[in-house]
file run_37.csv (CSV, C-alpha atoms and all ligand atoms)
chain,number,residue,atom,x,y,z
U,1,MET,CA,25.3,153.6,66.1
U,2,MET,CA,24.2,151.0,63.6
U,3,THR,CA,25.0,147.4,64.5
U,4,GLN,CA,26.0,145.2,61.6
U,5,ARG,CA,23.9,142.1,61.0
U,6,PRO,CA,25.9,138.9,60.8
U,7,PRO,CA,26.0,137.7,57.2
U,8,LYS,CA,23.3,135.2,56.3
U,9,PRO,CA,24.5,131.6,56.2
U,10,ALA,CA,24.7,130.3,52.6
U,11,PRO,CA,21.7,128.2,51.8
U,12,LYS,CA,22.5,124.5,52.3
U,13,ARG,CA,22.6,122.7,49.0
U,14,ARG,CA,20.7,119.5,48.8
U,15,PRO,CA,22.9,116.7,47.7
U,16,ARG,CA,21.9,115.6,44.3
U,17,PRO,CA,20.6,112.0,44.1
U,18,PRO,CA,23.1,109.8,42.3
U,19,ALA,CA,22.3,109.5,38.6
U,20,PRO,CA,20.7,106.1,37.8
U,21,GLU,CA,23.1,103.7,36.3
U,22,VAL,CA,22.8,103.2,32.6
U,23,ARG,CA,22.3,99.6,31.7
U,24,ARG,CA,22.0,97.7,28.4
U,25,PHE,CA,19.0,95.7,27.4
U,26,GLU,CA,17.7,93.6,24.5
U,27,ALA,CA,14.1,93.5,23.5
U,28,ASN,CA,12.7,90.6,21.6
U,29,VAL,CA,9.8,91.4,19.4
U,30,VAL,CA,7.7,89.7,16.7
U,31,GLU,CA,9.7,90.2,13.5
U,32,GLY,CA,8.2,93.1,11.7
U,33,LEU,CA,7.1,94.9,14.8
U,34,GLU,CA,10.5,96.4,15.7
U,35,ALA,CA,9.5,100.0,14.7
U,36,ILE,CA,6.3,100.1,16.7
U,37,ALA,CA,8.0,98.5,19.8
U,38,ARG,CA,10.8,101.1,19.6
U,39,ARG,CA,8.2,103.8,19.4
U,40,GLU,CA,6.4,102.4,22.5
U,41,LEU,CA,9.7,102.4,24.4
U,42,SER,CA,10.6,106.0,23.4
U,43,VAL,CA,7.1,107.3,24.2
U,44,HIS,CA,6.9,105.7,27.7
U,45,LEU,CA,10.5,105.9,28.8
U,46,ASP,CA,11.2,109.2,27.3
U,47,ARG,CA,14.7,110.6,27.8
U,48,ARG,CA,15.8,107.7,30.0
U,49,VAL,CA,16.1,105.4,26.9
U,50,THR,CA,18.6,105.4,24.1
U,51,LEU,CA,17.7,103.1,21.3
U,52,HIS,CA,20.5,101.5,19.3
U,53,ARG,CA,20.2,102.0,15.6
U,54,LEU,CA,18.6,99.4,13.5
U,55,PRO,CA,19.9,97.2,11.9
U,56,LYS,CA,22.6,96.7,14.5
U,57,ALA,CA,25.3,94.2,14.1
U,58,GLY,CA,25.2,91.7,16.8
U,59,VAL,CA,21.5,91.4,17.2
U,60,ALA,CA,19.3,88.8,15.4
U,61,PRO,CA,16.1,89.9,13.5
U,62,GLY,CA,13.2,90.5,15.8
U,63,ALA,CA,15.5,92.0,18.5
U,64,PHE,CA,16.9,95.4,19.2
U,65,ARG,CA,19.1,96.8,21.9
U,66,PHE,CA,18.8,99.9,24.0
U,67,ASP,CA,20.5,101.6,26.9
U,68,TYR,CA,18.2,102.7,29.8
U,69,ALA,CA,18.7,104.5,33.1
U,70,GLY,CA,15.7,103.9,35.3
U,71,GLY,CA,13.7,101.4,37.2
U,72,LEU,CA,12.9,98.0,35.7
U,73,ARG,CA,9.2,98.2,36.6
U,74,ALA,CA,8.7,100.8,33.8
U,75,LEU,CA,10.0,98.2,31.3
U,76,LEU,CA,7.7,95.6,32.6
U,77,ARG,CA,4.8,97.7,31.4
U,78,MET,CA,5.8,97.5,27.7
U,79,ARG,CA,3.2,95.7,25.7
U,80,THR,CA,4.5,95.3,22.2
U,81,VAL,CA,7.6,93.4,23.2
U,82,GLN,CA,7.8,89.6,23.6
U,83,ALA,CA,10.5,89.8,26.3
U,84,ILE,CA,13.2,92.1,27.6
U,85,TYR,CA,16.6,91.0,28.8
U,86,MET,CA,19.2,92.8,30.8
U,87,VAL,CA,22.6,92.4,29.0
U,88,ARG,CA,26.0,92.3,30.6
U,89,PHE,CA,29.2,91.8,28.7
U,90,TYR,CA,32.0,90.0,30.5
U,91,ALA,CA,35.5,90.3,29.1
U,92,ILE,CA,36.3,86.7,29.9
U,93,PRO,CA,37.9,84.0,27.7
U,94,ARG,CA,35.4,81.3,28.5
U,95,PRO,CA,32.2,80.8,30.6
U,96,ARG,CA,34.2,79.2,33.4
U,97,ALA,CA,35.4,82.6,34.4
U,98,LEU,CA,31.8,83.6,35.3
U,99,LEU,CA,32.5,81.7,38.5
U,100,GLY,CA,35.4,84.1,39.2
U,101,ASP,CA,34.9,86.4,42.2
U,102,GLN,CA,34.2,89.7,40.3
U,103,ALA,CA,32.1,88.2,37.5
U,104,PHE,CA,30.0,86.1,39.8
U,105,ARG,CA,29.3,89.1,42.1
U,106,ALA,CA,28.2,91.1,39.0
U,107,LEU,CA,25.9,88.3,38.0
U,108,LEU,CA,24.3,88.1,41.4
U,109,GLU,CA,23.9,91.9,41.6
U,110,ASP,CA,22.0,91.8,38.3
U,111,ILE,CA,19.8,88.9,39.5
U,112,ALA,CA,19.0,90.8,42.7
U,113,LEU,CA,18.0,93.8,40.7
U,114,VAL,CA,15.6,91.8,38.5
U,115,ARG,CA,14.1,90.0,41.6
U,116,ALA,CA,13.6,93.3,43.4
U,117,ALA,CA,11.3,94.5,40.6
U,118,HIS,CA,8.8,91.7,41.5
U,119,PRO,CA,6.9,90.3,44.5
U,120,PRO,CA,9.1,88.1,46.8
U,121,GLN,CA,7.8,84.7,45.5
U,122,ALA,CA,7.8,85.6,41.8
U,123,PHE,CA,10.9,83.6,41.1
U,124,ARG,CA,11.3,80.0,42.4
U,125,THR,CA,13.4,78.4,39.6
U,126,PHE,CA,16.1,79.4,37.2
U,127,PHE,CA,17.3,78.1,33.9
U,128,ILE,CA,20.5,78.7,32.0
U,129,SER,CA,20.3,78.5,28.3
U,130,ALA,CA,23.7,78.1,26.7
U,131,ALA,CA,25.5,76.1,24.1
U,132,GLY,CA,27.0,73.1,26.0
U,133,GLU,CA,24.4,73.3,28.8
U,134,ASN,CA,25.6,69.9,30.1
U,135,THR,CA,29.3,70.6,30.3
U,136,ALA,CA,30.9,70.4,33.7
U,137,VAL,CA,31.4,74.1,33.8
U,138,MET,CA,27.7,74.8,33.3
U,139,LYS,CA,26.9,72.3,36.0
U,140,ARG,CA,29.2,74.1,38.4
U,141,LEU,CA,27.6,77.4,37.4
U,142,ARG,CA,24.1,76.0,38.1
U,143,THR,CA,25.2,74.7,41.5
U,144,ALA,CA,26.8,78.0,42.5
U,145,LEU,CA,23.7,79.9,41.3
U,146,ALA,CA,21.3,77.6,43.2
U,147,GLU,CA,23.4,78.1,46.4
U,148,ALA,CA,23.7,81.8,46.1
U,149,THR,CA,20.1,82.6,45.0
U,150,GLY,CA,18.1,80.0,46.9
U,151,LEU,CA,16.3,79.2,43.6
U,152,SER,CA,16.0,75.7,42.3
U,153,GLU,CA,16.9,74.5,38.9
U,154,GLY,CA,14.0,74.6,36.4
U,155,PHE,CA,13.6,72.6,33.3
U,156,GLU,CA,13.5,74.2,29.8
U,157,GLU,CA,12.4,77.6,31.1
U,158,GLY,CA,12.8,78.7,34.7
U,159,ASP,CA,11.2,81.8,36.2
U,160,LEU,CA,14.7,83.3,36.1
U,161,LEU,CA,16.0,82.8,32.6
U,162,LEU,CA,19.7,83.4,31.8
U,163,ARG,CA,21.2,83.1,28.3
U,164,VAL,CA,24.9,82.8,28.1
U,165,ARG,CA,26.3,83.4,24.7
U,166,ARG,CA,29.1,84.9,22.6
U,167,PRO,CA,28.4,88.5,21.6
U,168,LEU,CA,27.0,88.4,18.1
U,169,ASP,CA,29.1,91.4,17.1
U,170,GLY,CA,32.2,89.3,17.3
U,171,ARG,CA,33.7,91.0,20.4
U,172,GLU,CA,36.0,88.7,22.5
U,173,GLY,CA,34.2,87.7,25.6
U,174,TRP,CA,30.8,86.4,26.7
U,175,GLU,CA,27.4,87.9,27.4
U,176,VAL,CA,24.8,87.0,30.0
U,177,LEU,CA,21.3,88.0,29.1
U,178,LEU,CA,18.9,88.0,32.0
U,179,ARG,CA,15.2,88.1,31.3
U,180,ILE,CA,13.6,90.8,33.5
U,181,SER,CA,10.3,88.9,34.1
U,182,PRO,CA,9.5,85.4,35.3
U,183,ARG,CA,7.4,84.9,32.1
U,184,PRO,CA,7.8,86.5,28.8
U,185,LEU,CA,6.0,89.9,28.7
U,186,ALA,CA,3.9,88.5,25.9
U,187,THR,CA,2.3,86.0,28.3
U,188,ARG,CA,-0.6,87.9,29.7
U,189,SER,CA,-2.0,87.1,33.1
U,190,TRP,CA,-5.5,88.0,31.8
U,191,ARG,CA,-5.4,85.0,29.3
U,192,VAL,CA,-7.2,82.4,31.3
U,193,CYS,CA,-9.1,81.0,28.3
U,194,ASP,CA,-6.9,80.1,25.3
U,195,MET,CA,-8.5,79.5,22.0
U,196,GLU,CA,-7.1,77.9,18.9
U,197,GLY,CA,-6.1,80.8,16.6
U,198,ALA,CA,-6.0,83.4,19.3
U,199,LEU,CA,-3.7,86.2,18.4
U,200,ASN,CA,-0.3,86.9,20.1
U,201,ALA,CA,-1.2,89.7,22.5
U,202,THR,CA,1.9,91.8,21.5
U,203,VAL,CA,0.7,91.8,17.9
U,204,ALA,CA,-2.8,92.8,19.0
U,205,HIS,CA,-1.4,95.6,21.1
U,206,ALA,CA,0.8,96.9,18.2
U,207,MET,CA,-2.3,96.8,16.0
U,208,VAL,CA,-4.3,98.8,18.6
U,209,LEU,CA,-1.6,101.4,18.6
U,210,MET,CA,-1.8,101.6,14.8
U,211,THR,CA,-5.4,102.8,15.1
U,212,ASP,CA,-4.2,105.8,17.0
U,213,PRO,CA,-6.3,105.2,20.1
U,214,ARG,CA,-8.1,108.1,21.8
U,215,PRO,CA,-10.3,108.3,24.9
U,216,TYR,CA,-13.4,109.3,23.0
U,217,ASP,CA,-13.2,106.4,20.5
U,218,ILE,CA,-15.9,103.9,19.9
U,219,PHE,CA,-13.7,100.9,19.1
U,220,LEU,CA,-15.0,97.8,17.3
U,221,ASN,CA,-13.3,94.4,16.9
U,222,ILE,CA,-15.1,92.2,14.4
U,223,GLY,CA,-14.5,88.5,14.8
U,224,CYS,CA,-13.3,89.1,18.4
U,225,GLY,CA,-12.6,85.4,19.2
U,226,SER,CA,-11.1,85.2,22.7
U,227,GLY,CA,-11.1,89.0,23.2
U,228,THR,CA,-7.4,89.7,22.7
U,229,PHE,CA,-8.0,93.1,21.0
U,230,LEU,CA,-10.7,94.1,23.5
U,231,VAL,CA,-8.4,93.7,26.5
U,232,GLU,CA,-5.4,95.2,24.7
U,233,ARG,CA,-7.4,98.2,23.5
U,234,LEU,CA,-8.4,98.9,27.1
U,235,LEU,CA,-4.8,98.4,28.4
U,236,ALA,CA,-3.7,101.0,25.9
U,237,GLY,CA,-6.1,103.6,27.5
U,238,PRO,CA,-9.7,104.4,28.1
U,239,ALA,CA,-12.3,104.5,25.3
U,240,ARG,CA,-15.9,105.7,25.0
U,241,ARG,CA,-17.1,102.2,24.1
U,242,VAL,CA,-15.2,98.9,23.3
U,243,LEU,CA,-17.3,96.5,21.3
U,244,GLY,CA,-16.5,93.0,20.2
U,245,CYS,CA,-18.6,90.6,18.0
U,246,ASP,CA,-18.3,87.0,17.0
U,247,THR,CA,-20.7,84.4,15.5
U,248,ASN,CA,-19.1,81.6,17.5
U,249,PRO,CA,-20.7,81.3,21.0
U,250,GLU,CA,-17.7,79.4,22.4
U,251,ALA,CA,-15.4,82.2,21.3
U,252,LEU,CA,-17.7,84.7,23.1
U,253,ALA,CA,-17.6,82.6,26.2
U,254,CYS,CA,-13.8,82.6,26.1
U,255,ALA,CA,-13.7,86.3,25.6
U,256,ARG,CA,-16.0,86.8,28.6
U,257,GLU,CA,-13.6,84.8,30.8
U,258,ASN,CA,-10.6,86.8,29.6
U,259,LEU,CA,-12.3,90.1,30.0
U,260,ALA,CA,-13.3,89.1,33.6
U,261,ALA,CA,-9.7,88.2,34.4
U,262,ALA,CA,-8.5,91.5,33.1
U,263,GLY,CA,-11.2,93.3,35.1
U,264,TYR,CA,-13.0,94.7,32.1
U,265,THR,CA,-16.3,93.0,32.3
U,266,GLN,CA,-18.1,96.3,32.8
U,267,VAL,CA,-16.3,98.2,30.1
U,268,ALA,CA,-16.3,95.9,27.1
U,269,GLU,CA,-19.4,94.8,25.3
U,270,LEU,CA,-19.6,91.4,23.7
U,271,HIS,CA,-22.2,90.6,21.0
U,272,ASP,CA,-23.2,87.6,18.9
U,273,TRP,CA,-23.4,89.8,15.8
U,274,ASP,CA,-22.5,88.6,12.3
U,275,ALA,CA,-19.9,91.2,11.1
U,276,ARG,CA,-21.5,91.2,7.7
U,277,ARG,CA,-24.7,92.7,9.1
U,278,LEU,CA,-23.9,94.9,12.1
U,279,PRO,CA,-26.8,96.5,14.0
U,280,LEU,CA,-24.8,99.8,14.2
U,281,GLU,CA,-25.5,103.1,12.6
U,282,ASP,CA,-23.7,104.4,9.6
U,283,GLY,CA,-20.5,106.3,10.5
U,284,SER,CA,-20.8,105.4,14.2
U,285,VAL,CA,-17.4,103.8,14.8
U,286,ASP,CA,-14.0,105.6,15.3
U,287,ALA,CA,-11.5,102.7,15.2
U,288,LEU,CA,-11.5,99.1,14.1
U,289,CYS,CA,-9.3,96.0,14.5
U,290,ALA,CA,-9.8,92.5,13.0
U,291,ASP,CA,-7.9,89.3,13.0
U,292,LEU,CA,-9.7,87.8,10.0
U,293,PRO,CA,-9.9,84.0,9.6
U,294,PHE,CA,-6.6,83.0,7.8
U,295,GLY,CA,-8.3,80.0,6.2
U,296,HIS,CA,-6.0,77.5,8.0
U,297,LEU,CA,-7.1,76.9,11.6
U,298,VAL,CA,-10.1,79.2,11.4
U,299,GLY,CA,-12.4,79.4,8.3
U,300,SER,CA,-11.5,78.3,4.7
U,301,HIS,CA,-9.9,79.9,1.7
U,302,ALA,CA,-13.1,79.3,-0.3
U,303,ASP,CA,-15.3,81.0,2.3
U,304,ASN,CA,-12.8,84.0,2.6
U,305,VAL,CA,-13.4,84.9,-1.0
U,306,THR,CA,-16.9,86.0,-0.2
U,307,LEU,CA,-16.4,86.7,3.6
U,308,TYR,CA,-13.7,89.3,3.2
U,309,PRO,CA,-15.4,91.7,0.7
U,310,ALA,CA,-18.6,91.5,2.8
U,311,LEU,CA,-16.7,92.3,6.0
U,312,LEU,CA,-14.9,95.2,4.4
U,313,THR,CA,-18.1,96.7,3.0
U,314,GLU,CA,-19.9,96.5,6.3
U,315,ALA,CA,-17.0,97.8,8.3
U,316,ALA,CA,-16.8,100.8,5.9
U,317,ARG,CA,-20.5,101.5,6.4
U,318,VAL,CA,-20.2,101.7,10.2
U,319,ALA,CA,-16.9,103.6,10.2
U,320,ARG,CA,-16.9,107.4,10.2
U,321,PRO,CA,-14.6,109.1,7.6
U,322,GLY,CA,-11.0,109.0,8.7
U,323,THR,CA,-11.4,105.9,10.8
U,324,LEU,CA,-8.3,103.7,11.0
U,325,PHE,CA,-8.8,99.9,10.6
U,326,ALA,CA,-5.9,97.6,11.5
U,327,LEU,CA,-6.4,94.1,10.3
U,328,ILE,CA,-4.2,91.0,10.1
U,329,THR,CA,-4.5,88.3,7.6
U,330,HIS,CA,-2.6,85.6,5.7
U,331,GLU,CA,-4.9,86.1,2.6
U,332,VAL,CA,-2.5,88.7,1.2
U,333,ARG,CA,-3.4,88.4,-2.5
U,334,LEU,CA,-7.1,88.4,-1.8
U,335,MET,CA,-6.7,91.5,0.4
U,336,GLN,CA,-4.5,93.3,-2.0
U,337,SER,CA,-6.9,92.7,-4.8
U,338,LEU,CA,-9.9,93.9,-2.8
U,339,LEU,CA,-8.1,97.0,-1.7
U,340,SER,CA,-6.9,97.9,-5.2
U,341,GLU,CA,-10.6,98.1,-6.2
U,342,SER,CA,-11.9,99.7,-3.0
U,343,THR,CA,-13.5,103.2,-3.1
U,344,VAL,CA,-14.1,103.2,0.6
U,345,TRP,CA,-10.8,102.1,2.2
U,346,ARG,CA,-7.5,103.6,1.5
U,347,PRO,CA,-4.5,101.5,2.5
U,348,VAL,CA,-2.0,103.5,4.6
U,349,ASN,CA,0.4,100.8,5.6
U,350,GLU,CA,1.2,97.1,5.0
U,351,GLN,CA,3.5,95.2,7.4
U,352,ARG,CA,4.7,91.7,7.0
U,353,ILE,CA,5.4,89.9,10.3
U,354,ALA,CA,6.7,86.5,11.3
U,355,LEU,CA,4.2,84.6,13.4
U,356,GLY,CA,4.2,80.9,14.3
U,357,GLY,CA,5.9,79.8,11.0
U,358,LEU,CA,3.6,82.0,8.9
U,359,ASN,CA,4.1,85.4,7.4
U,360,PRO,CA,0.8,87.2,7.8
U,361,ARG,CA,0.4,90.9,7.0
U,362,ILE,CA,-1.0,93.8,9.0
U,363,PHE,CA,-2.9,96.2,6.8
U,364,VAL,CA,-3.8,99.6,8.1
U,365,LEU,CA,-6.7,101.1,6.2
U,366,GLN,CA,-8.3,104.5,6.4
U,367,ARG,CA,-12.0,105.2,5.7
U,368,ILE,CA,-12.2,107.6,2.8
V,401,LIG,C1,-8.8,84.3,13.8
V,401,LIG,S1,-10.2,84.3,14.8
V,401,LIG,C2,-9.9,85.7,15.9
V,401,LIG,C3,-9.1,85.3,17.1
V,401,LIG,C4,-9.0,86.5,18.0
V,401,LIG,N1,-8.2,87.6,17.5
V,401,LIG,C5,-8.3,86.0,19.3
V,401,LIG,O1,-7.3,86.5,19.7
V,401,LIG,O2,-8.9,85.1,20.0
V,401,LIG,C6,-11.4,84.8,13.8
V,401,LIG,C7,-12.8,84.9,14.4
V,401,LIG,O3,-13.7,85.5,13.5
V,401,LIG,C8,-15.0,84.9,13.7
V,401,LIG,N2,-15.8,85.1,12.6
V,401,LIG,C9,-15.8,84.5,11.4
V,401,LIG,N3,-16.8,85.0,10.6
V,401,LIG,C10,-17.4,85.9,11.3
V,401,LIG,C11,-18.5,86.7,11.0
V,401,LIG,N4,-19.2,86.7,9.8
V,401,LIG,N5,-19.0,87.6,12.0
V,401,LIG,C12,-18.4,87.6,13.2
V,401,LIG,N6,-17.3,86.8,13.5
V,401,LIG,C13,-16.9,86.0,12.6
V,401,LIG,C14,-14.7,83.4,14.1
V,401,LIG,O4,-15.7,82.8,14.8
V,401,LIG,C15,-13.4,83.6,14.9
V,401,LIG,O5,-13.6,83.6,16.2
call {"tool": "encode", "arguments": {"input": "run_37.csv", "output": "C-alpha cells"}}
result
Amino acid sequence: MMTQRPPKPAPKRRPRPPAPEVRRFEANVVEGLEAIARRELSVHLDRRVTLHRLPKAGVAPGAFRFDYAGGLRALLRMRTVQAIYMVRFYAIPRPRALLGDQAFRALLEDIALVRAAHPPQAFRTFFISAAGENTAVMKRLRTALAEATGLSEGFEEGDLLLRVRRPLDGREGWEVLLRISPRPLATRSWRVCDMEGALNATVAHAMVLMTDPRPYDIFLNIGCGSGTFLVERLLAGPARRVLGCDTNPEALACARENLAAAGYTQVAELHDWDARRLPLEDGSVDALCADLPFGHLVGSHADNVTLYPALLTEAARVARPGTLFALITHEVRLMQSLLSESTVWRPVNEQRIALGGLNPRIFVLQRI
C-alpha cells in the first residue's frame, strides 16, 4: 500500500523591506548649470530620484527641487551642485508653531537623519537663517534646538544650517530647509591652497562632464592654476593621463598641494609649459579644459587679444579630431569672433553662467 507523503509546507516568504521614504530636496547650483546638475543626479541616483520640472514656481533661479527615496550619502557625492537641502513643509500659521510637539519632533527627526549621514563629530554648531532672526520666537527656537541636539549656536553659518521661510509657491505655511552637509558641497576638502581666480569646483566639474570623460582619455588642462580641473577630472573617473600646465610657478606649487590633498600626486602630471608652445605631439590629446584669464584678476584684455588665438591654435594642434574642449571665459566677444573664423574648432554649446557677480560663458568646442 502506498503511503501518502505529507504536503510540502509552503515556502516562507521573506518579508519585504519597507520602501524607503520619499523626501523632498532642493539643490542650489550655479545659475546656468541647472541642466547638467539635473543630469548628474539622474545618472547617479537613477530611479530613486524624481526631478521637478523646470522652471518650477516656488524656486529661485539657480535652484531646483527633486523627490528622492534613498540614503543621504549618495546625495553627498554629487559634484555639480553647490549645496543640497532637505525640505519639509509645515502647515502652520507662524514659525512659533515649530515649537509645537508634532512639528518639533519632525524637525528633530530630520536633523537626526542628516547627522547620521556623517561622522559623529561633523556637526558642532547650528545656525538658523530666517527673516526676523532676532525675534523672541527665533530665540526660543534656537534655545530649544541647542537643548535637544547638544549643538551650540554658530554665527553666520553653522555646521548645521536651517533656513526657515515661507514657501515661494504661495502655499499657506512654512518650510524648513536643512542643509544635508556641514559645509556646502562646493567646498572641497582637497582645496588646501586657494589661489586668487581659482575656479568654483562645481563649475569645473560640470565642464569636465561636458568633455564626455572616458577612462582612456589623455586629458589636458591649459593654464591649470591651482589644479581645480585636474582634481575634478580624476574625481569624475579614471583617465589614461591627466596633464596640467601653467607658466606661473606659484600656481603650479598651489596645484601640487591640492593634488596631494586629493591623493592624486601620482596620477596627475604638472608642467611649466607655455600653452602657446606645448611639447606634445599633434593629435595626442583626447579632452581639454581651460579657465582662460578673464583679464580682470588674471591677465589683461590687451594681452588676451593675442593670447586667446595662440592658445586656440596650439590646443587644436595637440587635439585629435573629435576632441571636446570646454573653456570658460569672460571675453565673450573676443571668443565669439575667433570662433566665427575658426576652421579647426566647431562650437557645440555656449552657456552663460552667474559667477561671483560676473556672467562668464562656458564654450564647448569640438576639434574638426
Ligand atoms: C584663471 S587662471 C586659472 C585658474 C584655475 N582654473 C584654478 O582653478 O585655479 C588662468 C591661469 O592661466 C595661466 N596662464 C596664462 N597664460 C598662460 C600660458 N601662456 N600658458 C600657460 N598658462 C598660462 C595663468 O598663470 C593662470 O594661472
call {"tool": "residues_around", "arguments": {"input": "run_37.csv", "residues": "U:Pro360", "least_positions_apart": "6", "cutoff": "7 Å", "atoms": "all atoms listed in the file", "output": "JSON, numbers by chain"}}
result
{"U": [328, 329, 330, 352, 353, 354]}
call {"tool": "closest_residue", "arguments": {"input": "run_37.csv", "among": "U:Ala255, U:Ala136, U:Ile368, U:Leu177", "to": "U:Met195", "atoms": "all atoms listed in the file"}}
result
U:Ala255
call {"tool": "atom_distance", "arguments": {"input": "run_37.csv", "atom1": "atom O2 of ligand LIG 401 (chain V)", "atom2": "atom CA of U:Leu76"}}
result
23.3 Å
call {"tool": "closest_residue", "arguments": {"input": "run_37.csv", "among": "U:Gly283, U:Ser226, U:Leu270, U:Pro93", "to": "U:Arg171", "atoms": "only C-alpha atoms"}}
result
U:Pro93
call {"tool": "closest_atom_pairs", "arguments": {"input": "run_37.csv", "of": "chain U", "to": "ligand LIG 401 (chain V)", "cutoff": "8 Å", "atoms": "only C-alpha atoms and all ligand atoms", "output": "Markdown table"}}
result
| residue | atom | partner | partner_atom | distance |
| --- | --- | --- | --- | --- |
| U:Asp194 | CA | V:LIG401 | O2 | 7.6 |
| U:Met195 | CA | V:LIG401 | O2 | 6.0 |
| U:Glu196 | CA | V:LIG401 | O2 | 7.5 |
| U:Gly197 | CA | V:LIG401 | C1 | 5.2 |
| U:Ala198 | CA | V:LIG401 | O1 | 3.4 |
| U:Leu199 | CA | V:LIG401 | O1 | 3.8 |
| U:Asn200 | CA | V:LIG401 | O1 | 7.0 |
| U:Ala201 | CA | V:LIG401 | O1 | 7.4 |
| U:Ala204 | CA | V:LIG401 | N1 | 7.6 |
| U:Ile222 | CA | V:LIG401 | C12 | 5.8 |
| U:Gly223 | CA | V:LIG401 | O3 | 3.4 |
| U:Cys224 | CA | V:LIG401 | C4 | 5.0 |
| U:Gly225 | CA | V:LIG401 | O5 | 3.6 |
| U:Ser226 | CA | V:LIG401 | O2 | 3.5 |
| U:Gly227 | CA | V:LIG401 | O2 | 5.5 |
| U:Thr228 | CA | V:LIG401 | O1 | 4.4 |
| U:Phe229 | CA | V:LIG401 | N1 | 6.5 |
| U:Cys245 | CA | V:LIG401 | C12 | 5.7 |
| U:Asp246 | CA | V:LIG401 | N6 | 3.6 |
| U:Thr247 | CA | V:LIG401 | C12 | 4.6 |
| U:Asn248 | CA | V:LIG401 | O4 | 4.5 |
| U:Ala251 | CA | V:LIG401 | O5 | 5.6 |
| U:Ala255 | CA | V:LIG401 | O2 | 7.5 |
| U:Asp272 | CA | V:LIG401 | C12 | 7.5 |
| U:Trp273 | CA | V:LIG401 | C12 | 6.0 |
| U:Asp274 | CA | V:LIG401 | N5 | 3.7 |
| U:Ala275 | CA | V:LIG401 | N5 | 3.8 |
| U:Arg276 | CA | V:LIG401 | N4 | 5.5 |
| U:Ala290 | CA | V:LIG401 | N1 | 6.8 |
| U:Asp291 | CA | V:LIG401 | N1 | 4.8 |
| U:Leu292 | CA | V:LIG401 | C6 | 5.1 |
| U:Pro293 | CA | V:LIG401 | C1 | 4.4 |
| U:Phe294 | CA | V:LIG401 | C1 | 6.5 |
| U:Leu297 | CA | V:LIG401 | C1 | 7.9 |
| U:Val298 | CA | V:LIG401 | C1 | 5.8 |
| U:Gly299 | CA | V:LIG401 | C9 | 6.9 |
| U:Leu307 | CA | V:LIG401 | N4 | 6.8 |
| U:Leu311 | CA | V:LIG401 | N4 | 7.2 |
